[in-house]
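So the structure is just underneath, and the comments pick up after that.
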Amino acid sequence: MMHRRQARGFTLVEAAVVVAIMGIVLAVALPSMSNWLLGRKAFAAAVFYQDGFTLARNTAIAHNSHSRLVLAENAANGKMDWRVDICFPTTAIPCNADTGSWSTAAADAADDPDPAQVFRSIGRSAEAMPGAGDLALGVVPSGATEVYFTPLGWVDTNVGSRVSRVSLAPSLTRANAFAPLAVVLTLAGIASICDPAAPAHDVRGCPP
């Protein structure tokens with residue numbers, strides 16, 4: 001007579017061992033996953049500022065105008081929103097930090113030689129970026145909030161204290177969560193994302 005083998009479940013000890021192993025795996029994996037996600041968000045933030053520099057340059061070229069990128073602190077997380085304006089100089093009024101009829105979000109710039117090309121200032125919010133507890137953002141030189149472009153797309157060196165770099169690094173509480181990044185703007189108006197810690201000859205390094 002054959003006896004039916006009874007199904008055997010987990011004992012309490014076996015279940016406890018499985019739970020303990022899962023706890024160890026999660027304890028190791030979760031911080032790594034959290035750091036990886038923060039690193040991806042930091043890279044997205046770098047792209048955000050690179051896009052702002054690039055849009056300002058391309059807009060100046062497309063409209064044969066002066067343009068500027070303006071940074072302003074976001075009240076929600078302390079990061080920097082950006083806005084792109086354009087201006088058409090006249091013989092009497094140049095376009096610089098103090099003068100010129102610059103576009104706004106509500107009105108296009110005056111003296112546009114091609115009225116069909118209506119351009120109103122374009123802005124982007126940094127509200128979705130991680131807060132100060134996760135991501136530290138710096139602007140070089142310190143305190144600079146604007147950079148101006150000529151109609152050829154070059155940085156206007158006649159305007160002092162112009163933004164040349166935006167740096168992104170882990171906050172003190174998230175030290176070593178990801179490798180620091182920088183968005184560097186050359187005098188030719190080209191913005192690139194680079195590794196500020198890489199040696200000068202490394203392709204990942206920042207331009208001088």
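As shown in the structure tokens, the chain order sets the letters A, B, ...; within each chain, residues go from 1, and ligands are also counted from 1 in the order they appear.
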
Review point. As number ranges by chain, which residues of segment 15-203 of chain A does DSSP assign to strand (DSSP E or B)?
Key: A: 66-73, 80-87, 102, 122-124, 135-140, 146-149, 155, 165-170, 181-185, 191-195

What are the closest atom pairs, with distances in Å to one decimal, for each residue of segment 56-104 of chain A lying within 10 Å of segment 189-207 of chain A, using only C-alpha atoms, rows by chain and rising residue number, as a Markdown table?
```
| residue | atom | partner | partner_atom | distance |
| --- | --- | --- | --- | --- |
| A:Ala56 | CA | A:Gly189 | CA | 9.1 |
| A:Arg57 | CA | A:Gly189 | CA | 6.4 |
| A:Asn58 | CA | A:Gly189 | CA | 9.3 |
```

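Across A:Leu181, A:Gly138, A:Val163, A:Asn96, the tightest approach to Arg40 of chain A is made by A:Leu181 when counting only C-alpha atoms.
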
Review point. Neighbours of segment 127-130 of chain A within 12 Å (only C-alpha atoms; same-chain residues fewer than 3 positions away dropped), as a ChimeraX atom specification?
Key: /A:37-49,72-82,124,133-137,168-171,174

Can you write just those residues out, N, CA and C atoms, as a compact mmCIF listing (two decimals), in the first residue's frame?
```
# COMPACT_ATOMS: atom_id res chain seq x y z
N LEU A 37 19.76 56.70 -8.20
CA LEU A 37 18.67 57.58 -8.61
C LEU A 37 19.06 59.05 -8.46
N LEU A 38 19.74 59.39 -7.36
CA LEU A 38 20.17 60.77 -7.16
C LEU A 38 21.18 61.17 -8.24
N GLY A 39 22.06 60.25 -8.60
CA GLY A 39 23.02 60.54 -9.66
C GLY A 39 22.33 60.82 -10.99
N ARG A 40 21.27 60.07 -11.28
CA ARG A 40 20.52 60.30 -12.53
C ARG A 40 19.81 61.65 -12.48
N LYS A 41 19.30 62.01 -11.31
CA LYS A 41 18.64 63.32 -11.19
C LYS A 41 19.65 64.46 -11.32
N ALA A 42 20.85 64.25 -10.80
CA ALA A 42 21.90 65.27 -10.93
C ALA A 42 22.27 65.45 -12.40
N PHE A 43 22.37 64.35 -13.14
CA PHE A 43 22.69 64.46 -14.56
C PHE A 43 21.57 65.18 -15.31
N ALA A 44 20.32 64.86 -14.95
CA ALA A 44 19.18 65.55 -15.58
C ALA A 44 19.23 67.04 -15.29
N ALA A 45 19.67 67.41 -14.07
CA ALA A 45 19.81 68.82 -13.73
C ALA A 45 20.89 69.48 -14.58
N ALA A 46 21.99 68.76 -14.82
CA ALA A 46 23.04 69.29 -15.67
C ALA A 46 22.52 69.53 -17.09
N VAL A 47 21.74 68.59 -17.60
CA VAL A 47 21.15 68.75 -18.94
C VAL A 47 20.22 69.96 -18.95
N PHE A 48 19.49 70.16 -17.87
CA PHE A 48 18.57 71.30 -17.74
C PHE A 48 19.32 72.63 -17.96
N TYR A 49 20.49 72.79 -17.34
CA TYR A 49 21.24 74.03 -17.49
C TYR A 49 21.96 74.09 -18.84
N ALA A 72 17.48 82.63 -11.74
CA ALA A 72 16.75 83.16 -10.58
C ALA A 72 16.44 82.02 -9.63
N GLU A 73 16.60 82.27 -8.35
CA GLU A 73 16.42 81.21 -7.36
C GLU A 73 14.97 80.72 -7.31
N ASN A 74 14.83 79.41 -7.29
CA ASN A 74 13.51 78.80 -7.15
C ASN A 74 13.15 78.75 -5.67
N ALA A 75 12.00 79.30 -5.32
CA ALA A 75 11.62 79.39 -3.91
C ALA A 75 11.36 78.04 -3.27
N ALA A 76 11.04 77.03 -4.07
CA ALA A 76 10.67 75.73 -3.52
C ALA A 76 11.88 74.93 -3.04
N ASN A 77 12.99 74.98 -3.79
CA ASN A 77 14.13 74.12 -3.44
C ASN A 77 15.48 74.83 -3.46
N GLY A 78 15.49 76.13 -3.74
CA GLY A 78 16.75 76.86 -3.73
C GLY A 78 17.60 76.69 -4.96
N LYS A 79 17.18 75.88 -5.93
CA LYS A 79 17.93 75.73 -7.17
C LYS A 79 17.64 76.94 -8.07
N MET A 80 18.24 76.96 -9.26
CA MET A 80 18.12 78.13 -10.13
C MET A 80 17.24 77.84 -11.34
N ASP A 81 16.13 78.58 -11.45
CA ASP A 81 15.35 78.58 -12.69
C ASP A 81 16.16 79.33 -13.75
N TRP A 82 15.80 79.17 -15.02
CA TRP A 82 16.43 80.00 -16.04
C TRP A 82 15.40 80.60 -17.00
N ARG A 124 12.21 78.25 -17.76
CA ARG A 124 12.03 76.89 -17.27
C ARG A 124 12.25 76.86 -15.76
N GLY A 133 19.08 69.21 0.68
CA GLY A 133 19.52 68.06 1.46
C GLY A 133 20.13 66.95 0.63
N ASP A 134 19.93 67.00 -0.70
CA ASP A 134 20.45 65.96 -1.58
C ASP A 134 21.47 66.49 -2.60
N LEU A 135 21.18 67.66 -3.16
CA LEU A 135 21.98 68.17 -4.27
C LEU A 135 22.43 69.60 -3.99
N ALA A 136 23.73 69.82 -4.10
CA ALA A 136 24.30 71.16 -3.91
C ALA A 136 24.61 71.76 -5.28
N LEU A 137 24.15 72.98 -5.51
CA LEU A 137 24.35 73.65 -6.78
C LEU A 137 25.17 74.92 -6.57
N LEU A 168 27.31 70.86 -9.92
CA LEU A 168 26.33 70.04 -9.21
C LEU A 168 27.07 68.94 -8.48
N ALA A 169 26.85 68.83 -7.17
CA ALA A 169 27.55 67.86 -6.34
C ALA A 169 26.61 67.34 -5.26
N PRO A 170 26.94 66.19 -4.66
CA PRO A 170 26.11 65.70 -3.55
C PRO A 170 26.19 66.67 -2.38
N SER A 171 25.11 66.79 -1.64
CA SER A 171 25.13 67.60 -0.42
C SER A 171 26.01 66.91 0.62
N ARG A 174 24.78 63.64 1.78
CA ARG A 174 24.78 62.56 0.77
C ARG A 174 26.15 62.43 0.12
```

**Study point:** Interatomic distance (Å, one decimal) between atom CA of Val155 of chain A and atom CA of Leu187 of chain A
**Key:** 5.1 Å

Point to revise | Test item: residues at most 12 Å from Asp98 of chain A, only C-alpha atoms, excluding those fewer than 5 positions along its chain, as a PyMOL selection string | key: chain A and resi 93+159-160

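Between atom CA of Val147 of chain A and atom CA of Ala188 of chain A lies a distance of 12.4 Å.
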
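Of the residues listed (A:Cys87, A:Ala109, A:Leu55, A:Leu69), A:Leu69 shows the shortest atom-to-atom separation from Ser164 of chain A; distances use only C-alpha atoms.
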
Practice item. Considering only C-alpha atoms, return as a list in words whatever protein or nucleic-acid residues lie within 10 Å of Ala144 of chain A, sequence-local ones (same chain, fewer than 4 positions apart) excluded. Key: Val70, Leu71, Val139, Val140, Gly160, Ser161, Arg162, Val163, Ser164 and Arg165 of chain A

Any chance you can output those residues with C-alpha atoms as a tab-separated table (two decimals), in the first residue's frame?
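Contents of the output file result_37.tsv:
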```
chain	number	residue	atom	x	y	z
A	70	VAL	CA	19.07	84.81	-16.58
A	71	LEU	CA	19.16	82.61	-13.47
A	139	VAL	CA	27.42	79.10	-9.94
A	140	VAL	CA	30.83	80.41	-11.09
A	160	GLY	CA	31.22	91.53	-16.46
A	161	SER	CA	30.49	88.88	-13.81
A	162	ARG	CA	28.97	86.53	-16.36
A	163	VAL	CA	28.02	82.91	-15.57
A	164	SER	CA	30.69	80.56	-16.88
A	165	ARG	CA	29.95	77.36	-14.95
```

Exercise for review: Name the closest residue to Phe88 of chain A among the candidates A:Ser34, A:Ser142, A:Thr150, A:Asn158; distances are taken between atoms, counting only C-alpha atoms.
Suggested key: A:Thr150

Exercise for review: Compile the contact shell of Asp112 of chain A as a PyMOL selection string: residues with an atom at most 10 Å away, counting only C-alpha atoms, same-chain residues fewer than 3 positions apart removed.
Suggested key: chain A and resi 63-65+86-89+108-109+115-119

Can I get the selection written as a PDB file, in the first residue's frame, with N, CA, C and O atoms?
```pdb
ATOM      1  N   HIS A  63      17.764  84.781 -34.456  1.00  0.00           N
ATOM      2  CA  HIS A  63      17.106  86.087 -34.581  1.00  0.00           C
ATOM      3  C   HIS A  63      18.082  87.208 -34.921  1.00  0.00           C
ATOM      4  O   HIS A  63      17.669  88.362 -35.031  1.00  0.00           O
ATOM      5  N   ASN A  64      19.364  86.866 -35.082  1.00  0.00           N
ATOM      6  CA  ASN A  64      20.396  87.880 -35.333  1.00  0.00           C
ATOM      7  C   ASN A  64      20.285  88.995 -34.298  1.00  0.00           C
ATOM      8  O   ASN A  64      20.273  90.186 -34.615  1.00  0.00           O
ATOM      9  N   SER A  65      20.202  88.569 -33.053  1.00  0.00           N
ATOM     10  CA  SER A  65      19.958  89.506 -31.954  1.00  0.00           C
ATOM     11  C   SER A  65      20.944  89.220 -30.823  1.00  0.00           C
ATOM     12  O   SER A  65      21.701  88.256 -30.864  1.00  0.00           O
ATOM     13  N   ILE A  86      15.744  88.188 -25.454  1.00  0.00           N
ATOM     14  CA  ILE A  86      16.499  88.735 -26.578  1.00  0.00           C
ATOM     15  C   ILE A  86      16.326  90.245 -26.632  1.00  0.00           C
ATOM     16  O   ILE A  86      15.405  90.801 -26.034  1.00  0.00           O
ATOM     17  N   CYS A  87      17.240  90.887 -27.364  1.00  0.00           N
ATOM     18  CA  CYS A  87      17.219  92.341 -27.473  1.00  0.00           C
ATOM     19  C   CYS A  87      17.828  92.740 -28.812  1.00  0.00           C
ATOM     20  O   CYS A  87      18.801  92.125 -29.273  1.00  0.00           O
ATOM     21  N   PHE A  88      17.256  93.788 -29.442  1.00  0.00           N
ATOM     22  CA  PHE A  88      17.781  94.324 -30.689  1.00  0.00           C
ATOM     23  C   PHE A  88      18.338  95.713 -30.416  1.00  0.00           C
ATOM     24  O   PHE A  88      17.580  96.633 -30.067  1.00  0.00           O
ATOM     25  N   PRO A  89      19.640  95.902 -30.547  1.00  0.00           N
ATOM     26  CA  PRO A  89      20.223  97.205 -30.240  1.00  0.00           C
ATOM     27  C   PRO A  89      19.892  98.249 -31.302  1.00  0.00           C
ATOM     28  O   PRO A  89      19.587  97.917 -32.445  1.00  0.00           O
ATOM     29  N   ASP A 108       7.209  90.883 -26.700  1.00  0.00           N
ATOM     30  CA  ASP A 108       8.395  90.641 -27.498  1.00  0.00           C
ATOM     31  C   ASP A 108       9.309  91.866 -27.468  1.00  0.00           C
ATOM     32  O   ASP A 108       8.901  92.949 -27.046  1.00  0.00           O
ATOM     33  N   ALA A 109      10.545  91.689 -27.893  1.00  0.00           N
ATOM     34  CA  ALA A 109      11.508  92.778 -27.875  1.00  0.00           C
ATOM     35  C   ALA A 109      11.154  93.831 -28.916  1.00  0.00           C
ATOM     36  O   ALA A 109      10.649  93.510 -29.993  1.00  0.00           O
ATOM     37  N   PRO A 115       9.216  91.582 -37.944  1.00  0.00           N
ATOM     38  CA  PRO A 115       8.073  91.447 -37.025  1.00  0.00           C
ATOM     39  C   PRO A 115       7.389  90.082 -37.081  1.00  0.00           C
ATOM     40  O   PRO A 115       6.665  89.712 -36.158  1.00  0.00           O
ATOM     41  N   ALA A 116       7.623  89.335 -38.153  1.00  0.00           N
ATOM     42  CA  ALA A 116       6.987  88.015 -38.258  1.00  0.00           C
ATOM     43  C   ALA A 116       7.597  87.026 -37.273  1.00  0.00           C
ATOM     44  O   ALA A 116       6.980  86.021 -36.929  1.00  0.00           O
ATOM     45  N   GLN A 117       8.819  87.309 -36.836  1.00  0.00           N
ATOM     46  CA  GLN A 117       9.475  86.414 -35.888  1.00  0.00           C
ATOM     47  C   GLN A 117       9.199  86.877 -34.459  1.00  0.00           C
ATOM     48  O   GLN A 117      10.047  87.494 -33.824  1.00  0.00           O
ATOM     49  N   VAL A 118       8.023  86.619 -34.004  1.00  0.00           N
ATOM     50  CA  VAL A 118       7.666  87.038 -32.647  1.00  0.00           C
ATOM     51  C   VAL A 118       8.373  86.127 -31.638  1.00  0.00           C
ATOM     52  O   VAL A 118       8.270  84.905 -31.705  1.00  0.00           O
ATOM     53  N   PHE A 119       9.121  86.729 -30.727  1.00  0.00           N
ATOM     54  CA  PHE A 119       9.788  85.951 -29.686  1.00  0.00           C
ATOM     55  C   PHE A 119       9.525  86.589 -28.342  1.00  0.00           C
ATOM     56  O   PHE A 119       9.823  87.766 -28.137  1.00  0.00           O
TER      57      PHE A 119
END
```

Point to revise | Atom-to-atom span, atom CA of Cys95 of chain A and atom CA of Pro208 of chain A, Å | key: 27.5 Å

**Study point:** Filtered DSSP result for segment 5-169 of chain A, state helix (DSSP H, G or I), as JSON, numbers by chain
**Key:** {"A": [12, 13, 14, 15, 16, 17, 18, 19, 20, 21, 22, 23, 24, 25, 26, 27, 28, 29, 30, 31, 32, 33, 34, 35, 36, 37, 38, 39, 40, 41, 42, 43, 44, 45, 46, 47, 48, 49, 50, 51, 52, 53, 54, 55, 56, 57, 58, 59, 60, 61, 62, 63]}

Review point. Restricting the calculation to only C-alpha atoms, which member of A:Pro141, A:Pro113, A:Gly131, A:Gly153 is positioned closest to Thr54 of chain A?
Key: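 So, comparing all the options, the nearest one is A:Gly153.
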
**Study point:** Shortest interatomic distance to Gly123 of chain A - which of A:Gly100, A:Ala177, A:Pro151, A:Ala105, counting only C-alpha atoms
**Key:**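 For Gly123 of chain A, the nearest of the given residues is A:Ala105.
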
Practice item. Between A:Ala106, A:Ala97, A:Met33, A:Val184, single out the one closest to Tyr148 of chain A, counting only C-alpha atoms. Key: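 The closest residue to Tyr148 of chain A is A:Ala97.
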